[in-house]
>>> print(open('final-v2.cif').read())   # mmCIF, C-alpha atoms
data_work
loop_
_atom_site.label_atom_id
_atom_site.label_comp_id
_atom_site.auth_asym_id
_atom_site.auth_seq_id
_atom_site.Cartn_x
_atom_site.Cartn_y
_atom_site.Cartn_z
CA MET A 27 -50.81 100.78 92.78
CA ARG A 28 -48.64 98.10 91.23
CA ILE A 29 -50.70 95.39 93.02
CA HIS A 30 -53.89 96.80 91.49
CA ARG A 31 -52.33 96.66 88.03
CA TRP A 32 -51.42 93.01 88.54
CA ARG A 33 -54.97 92.27 89.64
CA ALA A 34 -56.36 94.04 86.57
CA GLY A 35 -53.96 92.08 84.38
CA LEU A 36 -55.03 88.78 85.94
CA CYS A 37 -58.70 89.67 85.41
CA CYS A 38 -58.02 90.36 81.71
CA ALA A 39 -56.21 87.03 81.35
CA ALA A 40 -59.09 85.19 83.06
CA LEU A 41 -61.63 86.79 80.74
CA LEU A 42 -59.58 85.87 77.67
CA THR A 43 -59.29 82.27 78.91
CA LEU A 44 -63.02 82.05 79.52
CA GLY A 45 -63.66 83.30 76.00
CA ALA A 46 -61.57 80.48 74.60
CA VAL A 47 -63.46 77.71 76.40
CA SER A 48 -65.90 75.71 74.27
CA LEU A 49 -67.79 72.46 74.72
CA ALA A 50 -67.93 69.64 72.24
CA GLY A 51 -71.39 68.59 71.05
CA ALA A 52 -72.85 65.11 70.85
CA THR A 53 -75.04 64.31 67.90
CA GLY A 54 -76.25 60.97 66.55
CA VAL A 55 -78.67 58.12 67.08
CA TYR A 56 -79.18 57.65 70.81
CA GLN A 57 -81.80 54.97 70.34
CA THR A 58 -83.45 53.69 67.16
CA PRO A 59 -87.22 54.20 66.96
CA GLU A 60 -87.57 50.39 66.68
CA ALA A 61 -85.66 49.90 69.94
CA PHE A 62 -87.73 52.61 71.65
CA LEU A 63 -90.98 50.89 70.59
CA ALA A 64 -89.67 47.52 71.74
CA GLU A 65 -88.73 49.02 75.13
CA VAL A 66 -92.09 50.74 75.64
CA PHE A 67 -94.08 47.62 74.71
CA ASN A 68 -91.73 45.10 76.36
CA GLY A 69 -90.56 43.72 73.04
CA ALA A 70 -94.02 43.29 71.50
CA ALA A 71 -94.85 46.52 69.67
CA PRO A 72 -98.37 46.44 68.24
CA ALA A 73 -99.16 47.13 64.58
CA PRO A 74 -99.16 50.87 63.86
CA GLN A 75 -102.44 52.78 63.65
CA ALA A 76 -103.10 55.62 61.21
CA LEU A 77 -104.44 59.05 62.06
CA TRP A 78 -105.50 61.15 59.08
CA LEU A 79 -104.89 64.83 59.61
CA LEU A 80 -108.20 66.27 58.53
CA PRO A 81 -108.38 70.06 58.00
CA GLU A 82 -109.30 70.84 61.63
CA LEU A 83 -106.41 68.74 62.96
CA ARG A 84 -104.02 70.22 60.40
CA ALA A 85 -105.00 73.72 61.53
CA GLN A 86 -104.37 72.79 65.18
CA ALA A 87 -101.04 71.18 64.29
CA GLU A 88 -99.99 74.28 62.37
CA GLN A 89 -100.93 76.49 65.31
CA ILE A 90 -98.79 74.37 67.64
CA LEU A 91 -95.80 74.00 65.32
CA GLY A 92 -95.86 77.48 63.84
CA HIS A 93 -95.65 75.94 60.38
CA PRO A 94 -97.75 73.44 58.42
CA LEU A 95 -97.26 69.77 59.27
CA ASP A 96 -95.81 68.36 56.07
CA ARG A 97 -97.91 65.19 55.89
CA LEU A 98 -101.51 64.05 55.74
CA ARG A 99 -101.28 60.91 57.84
CA VAL A 100 -99.48 60.14 61.11
CA ARG A 101 -98.79 56.65 62.39
CA TYR A 102 -98.85 55.76 66.06
CA TRP A 103 -98.60 52.66 68.15
CA GLY A 104 -101.03 51.82 70.93
CA ASN A 105 -104.67 51.41 71.84
CA SER A 106 -105.77 55.07 71.69
CA ASP A 107 -105.50 55.49 75.48
CA ARG A 108 -101.76 54.73 75.68
CA ASN A 109 -99.91 55.60 72.51
CA VAL A 110 -96.40 56.05 71.18
CA TRP A 111 -95.63 58.81 68.71
CA ILE A 112 -92.38 59.06 66.76
CA LEU A 113 -92.20 62.65 65.59
CA ASP A 114 -89.65 64.94 63.92
CA GLU A 115 -89.22 68.67 64.31
CA ILE A 116 -86.46 70.99 63.19
CA GLY A 117 -84.64 72.79 66.00
CA ARG A 118 -82.30 75.02 64.08
CA ASP A 119 -81.45 73.34 60.77
CA GLN A 120 -81.97 69.60 61.17
CA PRO A 121 -84.87 67.46 62.37
CA ILE A 122 -84.78 66.06 65.90
CA THR A 123 -86.50 62.67 66.18
CA VAL A 124 -88.37 62.22 69.43
CA GLY A 125 -90.32 59.30 70.88
CA ILE A 126 -93.26 60.31 73.07
CA VAL A 127 -95.49 58.02 75.10
CA THR A 128 -98.90 59.51 75.89
CA SER A 129 -101.30 57.93 78.33
CA GLY A 130 -104.67 59.21 79.50
CA GLY A 131 -104.05 62.63 77.96
CA ARG A 132 -100.69 63.05 79.73
CA ILE A 133 -97.10 62.51 78.73
CA GLU A 134 -95.75 59.33 80.23
CA GLN A 135 -92.31 59.60 78.68
CA LEU A 136 -90.43 61.78 76.20
CA ARG A 137 -87.08 60.72 74.79
CA VAL A 138 -84.77 62.21 72.16
CA LEU A 139 -83.98 59.35 69.77
CA ILE A 140 -81.95 61.00 67.00
CA PHE A 141 -80.25 64.38 67.28
CA ARG A 142 -78.76 65.82 64.09
CA GLU A 143 -78.12 69.46 65.05
CA SER A 144 -74.62 70.68 65.91
CA ARG A 145 -75.83 72.46 69.05
CA GLY A 146 -78.47 72.00 71.70
CA TRP A 147 -77.90 68.26 72.27
CA GLU A 148 -78.25 68.79 76.03
CA VAL A 149 -82.01 68.31 75.60
CA ARG A 150 -81.38 64.56 75.38
CA HIS A 151 -80.65 64.32 79.11
CA PRO A 152 -83.30 63.08 81.57
CA PHE A 153 -82.85 66.19 83.74
CA PHE A 154 -84.52 68.04 80.87
CA THR A 155 -86.90 65.45 79.38
CA ASP A 156 -88.28 64.46 82.81
CA GLN A 157 -89.91 67.89 82.98
CA PHE A 158 -92.49 66.69 80.42
CA ARG A 159 -93.59 63.72 82.51
CA ASP A 160 -97.27 63.83 83.54
CA LEU A 161 -97.93 67.10 81.71
CA SER A 162 -101.14 67.60 79.75
CA LEU A 163 -102.55 70.39 77.60
CA ASN A 164 -104.60 73.26 78.94
CA GLU A 165 -107.54 74.77 77.05
CA ARG A 166 -105.16 76.93 75.03
CA GLN A 167 -103.38 73.79 73.75
CA GLU A 168 -100.29 74.68 75.78
CA LEU A 169 -98.48 72.55 78.34
CA GLU A 170 -100.02 73.08 81.75
CA GLU A 171 -96.56 73.72 83.32
CA PRO A 172 -93.70 75.79 81.87
CA ILE A 173 -90.57 73.96 80.71
CA ASP A 174 -87.26 75.28 82.05
CA GLY A 175 -84.92 76.06 79.17
CA ILE A 176 -81.25 75.24 78.71
CA SER A 177 -78.82 78.03 77.89
CA GLY A 178 -77.47 77.51 74.38
CA ALA A 179 -80.20 75.01 73.48
CA THR A 180 -83.13 77.41 73.14
CA LEU A 181 -84.23 76.19 69.71
CA SER A 182 -83.98 72.49 70.63
CA VAL A 183 -85.97 73.15 73.82
CA ALA A 184 -88.63 74.95 71.78
CA ALA A 185 -88.74 72.11 69.21
CA LEU A 186 -89.24 69.45 71.92
CA THR A 187 -91.90 71.55 73.61
CA ARG A 188 -93.77 71.87 70.31
CA LEU A 189 -93.55 68.11 69.74
CA ALA A 190 -94.84 67.39 73.25
CA ARG A 191 -97.86 69.63 72.58
CA LEU A 192 -98.38 68.04 69.15
CA ALA A 193 -98.27 64.50 70.57
CA LEU A 194 -100.84 65.41 73.23
CA MET A 195 -103.09 67.03 70.63
CA LEU A 196 -102.81 63.96 68.37
CA HIS A 197 -103.42 61.69 71.37
CA GLY A 198 -106.65 63.58 72.03
CA ALA A 199 -107.73 63.12 68.41
CA ALA A 200 -106.91 59.40 68.51
CA ALA A 201 -108.74 58.97 71.82
CA ARG A 202 -111.81 60.73 70.40
CA GLY A 203 -111.80 58.22 67.58
CA GLN A 204 -110.84 60.62 64.81
CA PRO A 205 -111.75 59.06 61.44
CA VAL A 206 -108.95 56.84 60.17
CA SER A 207 -109.71 57.33 56.48
CA ARG A 208 -110.12 60.38 54.30
CA MET B 13 -39.06 99.86 71.75
CA ASN B 14 -39.72 102.93 73.88
CA LEU B 15 -43.16 104.18 74.85
CA ILE B 16 -43.40 106.61 71.89
CA ALA B 17 -42.64 103.80 69.43
CA TRP B 18 -45.28 101.59 71.06
CA MET B 19 -47.84 104.40 70.80
CA LYS B 20 -47.01 104.97 67.13
CA TRP B 21 -47.35 101.24 66.40
CA HIS B 22 -50.67 101.12 68.29
CA ARG B 23 -52.02 104.13 66.39
CA TRP B 24 -51.03 103.12 62.86
CA ALA B 25 -51.65 99.39 63.20
CA GLY B 26 -55.07 100.20 64.66
CA LEU B 27 -55.88 102.47 61.74
CA GLY B 28 -54.66 99.85 59.26
CA VAL B 29 -56.93 97.07 60.48
CA ALA B 30 -59.87 99.21 61.69
CA LEU B 31 -62.05 98.43 58.67
CA PHE B 32 -61.47 94.67 58.95
CA ILE B 33 -62.02 94.64 62.70
CA ALA B 34 -65.30 96.49 62.15
CA MET B 35 -66.21 93.83 59.55
CA LEU B 36 -65.36 91.06 62.03
CA CYS B 37 -67.44 92.72 64.74
CA VAL B 38 -70.50 93.32 62.56
CA SER B 39 -70.45 89.83 61.02
CA GLY B 40 -69.80 88.28 64.45
CA ILE B 41 -72.72 90.07 66.07
CA LEU B 42 -75.03 89.08 63.21
CA LEU B 43 -73.88 85.44 63.39
CA ASN B 44 -74.41 85.36 67.15
CA HIS B 45 -78.08 86.17 66.51
CA GLY B 46 -78.35 84.16 63.30
CA SER B 47 -81.30 82.07 64.41
CA ALA B 48 -83.36 85.02 65.59
CA LEU B 49 -82.54 86.92 62.39
CA GLY B 50 -83.40 83.90 60.22
CA LEU B 51 -80.00 83.89 58.52
CA THR B 52 -80.23 80.16 57.75
CA ARG B 53 -83.60 80.62 56.09
CA HIS B 54 -82.59 83.55 53.92
CA TYR B 55 -81.22 82.33 50.60
CA LEU B 56 -79.13 84.41 48.22
CA HIS B 57 -80.05 84.33 44.55
CA SER B 58 -77.37 86.51 42.98
CA ASP B 59 -75.87 84.65 40.01
CA TRP B 60 -72.39 86.11 40.45
CA LEU B 61 -72.31 85.04 44.11
CA LEU B 62 -73.57 81.54 43.26
CA ASP B 63 -70.97 81.32 40.48
CA LEU B 64 -68.27 82.57 42.87
CA TYR B 65 -69.12 79.65 45.18
CA GLY B 66 -69.36 77.28 42.20
CA ILE B 67 -72.79 76.12 43.29
CA GLU B 68 -73.97 73.41 40.92
CA PRO B 69 -75.37 69.93 41.62
CA ALA B 70 -72.48 67.55 42.34
CA GLN B 71 -74.22 64.84 40.31
CA ALA B 72 -76.72 64.86 37.48
CA PRO B 73 -80.37 64.87 38.60
CA VAL B 74 -82.04 61.45 38.90
CA SER B 75 -85.60 61.61 37.65
CA PHE B 76 -88.50 59.18 37.43
CA ASN B 77 -91.67 59.58 35.46
CA ALA B 78 -94.89 58.97 37.43
CA GLY B 79 -97.75 59.27 35.00
CA ALA B 80 -98.06 62.93 34.16
CA HIS B 81 -95.60 63.87 36.91
CA TRP B 82 -91.87 63.77 37.54
CA VAL B 83 -90.15 62.99 40.83
CA THR B 84 -86.51 64.04 40.86
CA ARG B 85 -83.55 63.91 43.24
CA ILE B 86 -80.77 66.48 43.08
CA GLY B 87 -78.18 65.89 45.80
CA ASP B 88 -80.34 65.07 48.82
CA ARG B 89 -83.26 67.17 47.68
CA LEU B 90 -86.44 65.73 46.25
CA TYR B 91 -88.76 67.48 43.84
CA PHE B 92 -92.29 66.77 42.68
CA ASN B 93 -92.38 68.36 39.24
CA GLY B 94 -90.86 71.81 39.95
CA ARG B 95 -91.68 71.88 43.67
CA GLU B 96 -89.18 70.90 46.37
CA LEU B 97 -90.52 68.40 48.89
CA ALA B 98 -89.99 68.68 52.65
CA GLU B 99 -88.45 65.20 52.77
CA ARG B 100 -84.77 64.74 51.91
CA SER B 101 -82.81 61.69 50.85
CA ASP B 102 -79.54 60.95 49.09
CA THR B 103 -81.14 57.89 47.49
CA LEU B 104 -84.07 57.66 45.09
CA LEU B 105 -84.46 54.05 43.97
CA GLY B 106 -87.60 54.52 41.94
CA VAL B 107 -91.04 56.03 41.72
CA VAL B 108 -94.26 54.12 41.09
CA PRO B 109 -97.65 55.68 40.36
CA LEU B 110 -100.46 53.67 41.94
CA GLN B 111 -104.20 54.19 41.68
CA ASP B 112 -104.54 57.09 44.13
CA GLN B 113 -100.99 57.73 45.28
CA ILE B 114 -97.41 57.88 44.13
CA VAL B 115 -94.74 55.88 45.96
CA ALA B 116 -91.05 56.78 45.97
CA GLY B 117 -88.43 54.36 47.29
CA LEU B 118 -85.80 56.25 49.32
CA GLY B 119 -83.47 53.40 50.24
CA ASP B 120 -84.53 52.77 53.83
CA ARG B 121 -88.01 54.27 53.63
CA LEU B 122 -90.99 54.84 51.36
CA LEU B 123 -92.32 58.28 50.56
CA ILE B 124 -96.06 58.22 49.88
CA LEU B 125 -97.40 61.15 47.87
CA ALA B 126 -100.91 62.20 46.95
CA PRO B 127 -101.51 62.70 43.21
CA ASP B 128 -100.95 66.45 43.70
CA GLY B 129 -97.54 65.85 45.30
CA THR B 130 -98.62 66.42 48.92
CA ILE B 131 -96.77 64.09 51.28
CA ILE B 132 -99.22 61.60 52.75
CA GLU B 133 -96.60 59.98 54.96
CA VAL B 134 -93.11 58.55 55.12
CA LEU B 135 -92.87 54.88 56.09
CA HIS B 136 -89.79 53.62 57.94
CA ALA B 137 -88.59 50.36 59.42
CA THR B 138 -90.85 51.08 62.41
CA GLU B 139 -93.82 50.72 60.05
CA GLY B 140 -92.40 47.49 58.64
CA VAL B 141 -90.47 48.69 55.59
CA PRO B 142 -88.05 45.82 54.90
CA ALA B 143 -84.34 46.58 55.08
CA GLY B 144 -82.09 46.35 52.05
CA MET B 145 -84.50 47.79 49.50
CA SER B 146 -82.89 47.76 46.05
CA ARG B 147 -85.70 48.66 43.62
CA ILE B 148 -89.44 49.21 43.47
CA GLY B 149 -92.01 48.61 40.77
CA SER B 150 -95.58 47.58 40.14
CA THR B 151 -97.31 44.40 39.09
CA THR B 152 -99.58 44.21 36.05
CA ASP B 153 -102.61 44.53 38.35
CA GLY B 154 -101.25 47.77 39.80
CA ARG B 155 -99.80 46.59 43.13
CA LEU B 156 -96.60 47.97 44.58
CA VAL B 157 -93.67 45.55 44.65
CA ILE B 158 -90.42 46.04 46.52
CA GLU B 159 -87.25 44.08 45.98
CA THR B 160 -84.98 43.68 49.00
CA ASP B 161 -82.06 41.56 50.17
CA ARG B 162 -84.65 39.18 51.64
CA GLY B 163 -86.69 38.84 48.44
CA GLN B 164 -89.72 40.60 47.02
CA PHE B 165 -92.60 42.10 49.00
CA LEU B 166 -96.11 43.08 47.96
CA PRO B 167 -97.11 45.63 50.64
CA ASP B 168 -100.53 46.98 51.49
CA LEU B 169 -99.68 50.58 52.39
CA ASP B 170 -102.93 51.31 54.25
CA SER B 171 -102.94 48.32 56.58
CA LEU B 172 -99.13 48.05 56.47
CA ARG B 173 -99.10 44.33 55.67
CA TRP B 174 -95.79 43.37 54.09
CA THR B 175 -96.46 40.15 52.23
CA GLN B 176 -93.36 38.40 51.00
CA ALA B 177 -94.10 36.95 47.56
CA ALA B 178 -92.42 36.72 44.17
CA ALA B 179 -93.71 39.07 41.49
CA PRO B 180 -92.45 37.69 38.18
CA ASP B 181 -94.56 40.18 36.22
CA ALA B 182 -93.12 43.22 38.04
CA HIS B 183 -92.42 46.29 36.01
CA TRP B 184 -89.47 47.99 37.74
CA ALA B 185 -89.11 51.75 37.89
CA ILE B 186 -86.17 53.06 35.89
CA PRO B 187 -84.83 56.62 35.64
CA ALA B 188 -85.92 58.67 32.66
CA ALA B 189 -84.82 61.92 31.05
CA MET B 190 -87.08 64.72 32.19
CA PRO B 191 -88.05 67.57 29.86
CA GLU B 192 -85.32 70.15 29.30
CA GLU B 193 -87.44 73.02 30.67
CA LEU B 194 -88.09 71.12 33.91
CA ASN B 195 -84.40 70.24 34.21
CA ALA B 196 -83.43 73.93 33.85
CA GLU B 197 -86.12 74.93 36.37
CA LEU B 198 -84.88 72.40 38.93
CA ILE B 199 -81.23 73.39 38.53
CA ARG B 200 -82.27 77.02 39.05
CA SER B 201 -84.30 76.02 42.11
CA PHE B 202 -81.36 73.99 43.49
CA ARG B 203 -78.98 76.95 43.12
CA ASP B 204 -81.50 79.38 44.61
CA ARG B 205 -81.92 77.26 47.76
CA THR B 206 -78.28 76.54 48.54
CA LEU B 207 -76.37 79.64 49.61
CA THR B 208 -77.68 81.09 52.86
CA LEU B 209 -76.94 84.51 54.26
CA GLU B 210 -75.38 82.77 57.29
CA ARG B 211 -72.89 80.92 55.06
CA LEU B 212 -71.93 84.21 53.35
CA LEU B 213 -71.43 85.96 56.71
CA LEU B 214 -69.39 83.04 58.03
CA ASP B 215 -67.14 83.21 54.97
CA ILE B 216 -66.78 87.00 55.28
CA HIS B 217 -65.97 86.55 58.97
CA SER B 218 -63.31 83.91 58.29
CA GLY B 219 -62.02 85.42 55.02
CA ARG B 220 -62.99 82.31 53.01
CA ILE B 221 -65.05 84.49 50.70
CA VAL B 222 -61.79 85.09 48.77
CA ASN B 223 -60.39 81.55 49.03
CA ARG B 224 -57.39 80.59 51.20
CA PHE B 225 -55.61 83.93 50.77
CA GLY B 226 -58.57 85.55 52.49
CA VAL B 227 -58.20 83.18 55.43
CA TRP B 228 -54.51 84.03 55.75
CA PHE B 229 -55.32 87.72 55.48
CA MET B 230 -57.89 87.49 58.27
CA ASP B 231 -55.32 85.51 60.29
CA ALA B 232 -52.91 88.44 59.81
CA VAL B 233 -55.63 90.88 60.91
CA ALA B 234 -56.21 88.74 64.01
CA VAL B 235 -52.46 88.75 64.79
CA VAL B 236 -52.36 92.55 64.44
CA LEU B 237 -55.44 92.78 66.70
CA LEU B 238 -53.65 90.62 69.27
CA SER B 239 -50.56 92.85 69.04
CA LEU B 240 -52.86 95.86 69.61
CA VAL B 241 -54.07 94.22 72.83
CA ILE B 242 -50.47 93.73 73.94
CA SER B 243 -49.33 97.23 72.93
CA GLY B 244 -52.44 98.76 74.54
CA LEU B 245 -51.76 96.96 77.81
CA TRP B 246 -48.07 97.91 77.63
CA ILE B 247 -48.84 101.60 77.05
CA TRP B 248 -51.39 101.57 79.90
CA TRP B 249 -48.84 99.89 82.17
CA LYS B 250 -46.08 102.35 81.37
CA ARG B 251 -48.25 105.42 81.81
#
>>> encode(input="final-v2.cif", output="structure tokens")
Amino acid sequence: MRIHRWRAGLCCAALLTLGAVSLAGATGVYQTPEAFLAEVFNGAAPAPQALWLLPELRAQAEQILGHPLDRLRVRYWGNSDRNVWILDEIGRDQPITVGIVTSGGRIEQLRVLIFRESRGWEVRHPFFTDQFRDLSLNERQELEEPIDGISGATLSVAALTRLARLALMLHGAAARGQPVSR
Amino acid sequence: MNLIAWMKWHRWAGLGVALFIAMLCVSGILLNHGSALGLTRHYLHSDWLLDLYGIEPAQAPVSFNAGAHWVTRIGDRLYFNGRELAERSDTLLGVVPLQDQIVAGLGDRLLILAPDGTIIEVLHATEGVPAGMSRIGSTTDGRLVIETDRGQFLPDLDSLRWTQAAAPDAHWAIPAAMPEELNAELIRSFRDRTLTLERLLLDIHSGRIVNRFGVWFMDAVAVVLLSLVISGLWIWWKR
């Protein structure tokens, strides 16, 4: 019986130790948007284009984000078929800045550039962002493949997924030649 | 101590801290689900609570007149008349009304507003905004002019051409005193959007709600709780 008590005691101690373990976060600027653009375009980023968010586009953006997009015009870099979008979305409290390259209606690359939240920074890693590669939107304006989440980074994962959908939607509008003036 | 003494300690110490442990548990559970419950989006408006926290702007508001409108910064928050804008900045260099838009210089970026205060866009270095912006203004023919470490620029905000040229006739934006009613409205708005339910629960959980004595008190409760764990294990072992 005494052995069983020792085992129970050790189990309690292990549980208490596990409860005390915590991981430090990593927030900050991983790559400036300027450096991201230079990398994507081999040092020669083109002049930015403007996409006005007309009412139909604003409604689609709001449906994707779950809240209104707080601007009337979005800038992007590219030739309409291959574009770079620098977009912000709040995960929990602070905006996450993400660079997304879209090409032929699919995501070529997604990278977290600036992470300001205190938690959920794991979404910066390629093991997560690589999941977005080659994805496009289905008819319901959702990504055609599900994105595997990260425990403890649920809101950051959701924010990046929303931005990926938004970039693809905006890419479609730019490719269709959406009017560039009001 | 013998077993009876341990049991008495366990019973009475448990009773003594039961209320505070319940408070810790409830606040802890709520905080664990803070995002789902929207605790960071729920603001408290009670004057006595806001006064208890001493919530006031750390610095006086900085306001610029833009035609019939006012653009104001309080802390890192920006307001168009009485409405808070989605963009934040701890710098507001100036505000310039142009023909069909209002431009605010935010240090490292330009905030472009429609005449009704809707954000058209925010221009950064990626769009060509020169670094080291120190003030903004307008020329006599109504063009935007920006002064930077590298000289003055006359930008075209639609095509994003940043022409470097001197503007000797520039009229630079300077802060102005906004109407008293607007000032009171903005201070009220600032206070009403500062204290979240999450912050209150965190401070209840840690004891900070009643300054440092509260923290020490909750430390004491935690020590008693730890002693209850030890006495509980000891009693279980001995029986």
>>> atom_distance(input="final-v2.cif", atom1="CA of Arg137 (chain A)", atom2="CA of Arg118 (chain A)")
18.5 Å
>>> resolve_selection(input="final-v2.cif", expression="the PyMOL selection byres ((chain A) within 6 of (chain B))", output="ChimeraX atom specification")
/A:60,97-99
>>> write_last_selection(input="final-v2.cif", atoms="C-alpha atoms", output="PDB file, keeping the file's coordinate frame")
ATOM      1  CA  GLU A  60     -87.570  50.390  66.680  1.00  0.00           C
ATOM      2  CA  ARG A  97     -97.910  65.190  55.890  1.00  0.00           C
ATOM      3  CA  LEU A  98    -101.510  64.050  55.740  1.00  0.00           C
ATOM      4  CA  ARG A  99    -101.280  60.910  57.840  1.00  0.00           C
TER       5      ARG A  99
END
>>> closest_residue(input="final-v2.cif", among="A:Asp96, A:Glu65, A:Glu88, A:Asp114", to="Met195 (chain A)", atoms="only C-alpha atoms")
A:Glu88
>>> residues_around(input="final-v2.cif", residues="Met230 (chain B)", least_positions_apart="3", cutoff="7 Å", atoms="only C-alpha atoms", output="PyMOL selection string")
chain B and resi 218-219+226-227+233-234
>>> resolve_selection(input="final-v2.cif", expression="the PyMOL selection byres ((chain A and resi 72-80) around 10)", output="ChimeraX atom specification")
/A:63-64,67,69-71,81-87,95,97-106,109-111,196-197,199-200,203-208 /B:132-133,138-140,170-173
>>> resolve_selection(input="final-v2.cif", expression="the PyMOL selection byres ((chain B and resi 237-241) around 9)", output="list in words")
Trp21, His22, Arg23, Ala25, Gly26, Val29, Ile33, Ala232, Val233, Ala234, Val235, Val236, Ile242, Ser243, Gly244, Leu245 and Trp246 of chain B
>>> atom_distance(input="final-v2.cif", atom1="CA of Arg85 (chain B)", atom2="CA of Asp112 (chain B)")
22.1 Å
>>> atom_distance(input="final-v2.cif", atom1="CA of Asn14 (chain B)", atom2="CA of Ile247 (chain B)")
9.7 Å
>>> residues_around(input="final-v2.cif", residues="Gly154 (chain B)", least_positions_apart="4", cutoff="12 Å", atoms="all atoms listed in the file", output="VMD selection string")
chain B and resid 108 to 114 149 to 150 166 to 168 179 181 to 184
>>> closest_residue(input="final-v2.cif", among="A:Leu169, A:Leu139, A:Ile112, A:Leu186", to="Phe154 (chain A)", atoms="all atoms listed in the file")
A:Leu186
>>> closest_residue(input="final-v2.cif", among="B:Ile16, B:Val115, B:Leu105, B:Met35", to="Met145 (chain B)", atoms="all atoms listed in the file")
B:Leu105
>>> residues_around(input="final-v2.cif", residues="region 163-167 of chain A", least_positions_apart="6", cutoff="9 Å", atoms="all atoms listed in the file", output="ChimeraX atom specification")
/A:86,90,131-132,191-192,194-195
>>> residues_around(input="final-v2.cif", residues="Asp156 (chain A)", least_positions_apart="3", cutoff="8 Å", atoms="only C-alpha atoms", output="count of residues only")
5
>>> closest_residue(input="final-v2.cif", among="B:Ala188, B:Asp63, B:Leu194, B:Leu156", to="Asn77 (chain B)", atoms="all atoms listed in the file")
B:Ala188
>>> residues_around(input="final-v2.cif", residues="His217 (chain B)", least_positions_apart="5", cutoff="12 Å", atoms="all atoms listed in the file", output="PDB file with C-alpha atoms, in the coordinates of the input")
ATOM      1  CA  PHE B  32     -61.470  94.670  58.950  1.00  0.00           C
ATOM      2  CA  ILE B  33     -62.020  94.640  62.700  1.00  0.00           C
ATOM      3  CA  ALA B  34     -65.300  96.490  62.150  1.00  0.00           C
ATOM      4  CA  MET B  35     -66.210  93.830  59.550  1.00  0.00           C
ATOM      5  CA  LEU B  36     -65.360  91.060  62.030  1.00  0.00           C
ATOM      6  CA  CYS B  37     -67.440  92.720  64.740  1.00  0.00           C
ATOM      7  CA  VAL B  38     -70.500  93.320  62.560  1.00  0.00           C
ATOM      8  CA  SER B  39     -70.450  89.830  61.020  1.00  0.00           C
ATOM      9  CA  GLY B  40     -69.800  88.280  64.450  1.00  0.00           C
ATOM     10  CA  ILE B  41     -72.720  90.070  66.070  1.00  0.00           C
ATOM     11  CA  LEU B  42     -75.030  89.080  63.210  1.00  0.00           C
ATOM     12  CA  LEU B  43     -73.880  85.440  63.390  1.00  0.00           C
ATOM     13  CA  ASN B  44     -74.410  85.360  67.150  1.00  0.00           C
ATOM     14  CA  GLU B 210     -75.380  82.770  57.290  1.00  0.00           C
ATOM     15  CA  ARG B 211     -72.890  80.920  55.060  1.00  0.00           C
ATOM     16  CA  LEU B 212     -71.930  84.210  53.350  1.00  0.00           C
ATOM     17  CA  VAL B 222     -61.790  85.090  48.770  1.00  0.00           C
ATOM     18  CA  GLY B 226     -58.570  85.550  52.490  1.00  0.00           C
ATOM     19  CA  VAL B 227     -58.200  83.180  55.430  1.00  0.00           C
ATOM     20  CA  PHE B 229     -55.320  87.720  55.480  1.00  0.00           C
ATOM     21  CA  MET B 230     -57.890  87.490  58.270  1.00  0.00           C
ATOM     22  CA  ASP B 231     -55.320  85.510  60.290  1.00  0.00           C
ATOM     23  CA  VAL B 233     -55.630  90.880  60.910  1.00  0.00           C
ATOM     24  CA  ALA B 234     -56.210  88.740  64.010  1.00  0.00           C
TER      25      ALA B 234
END
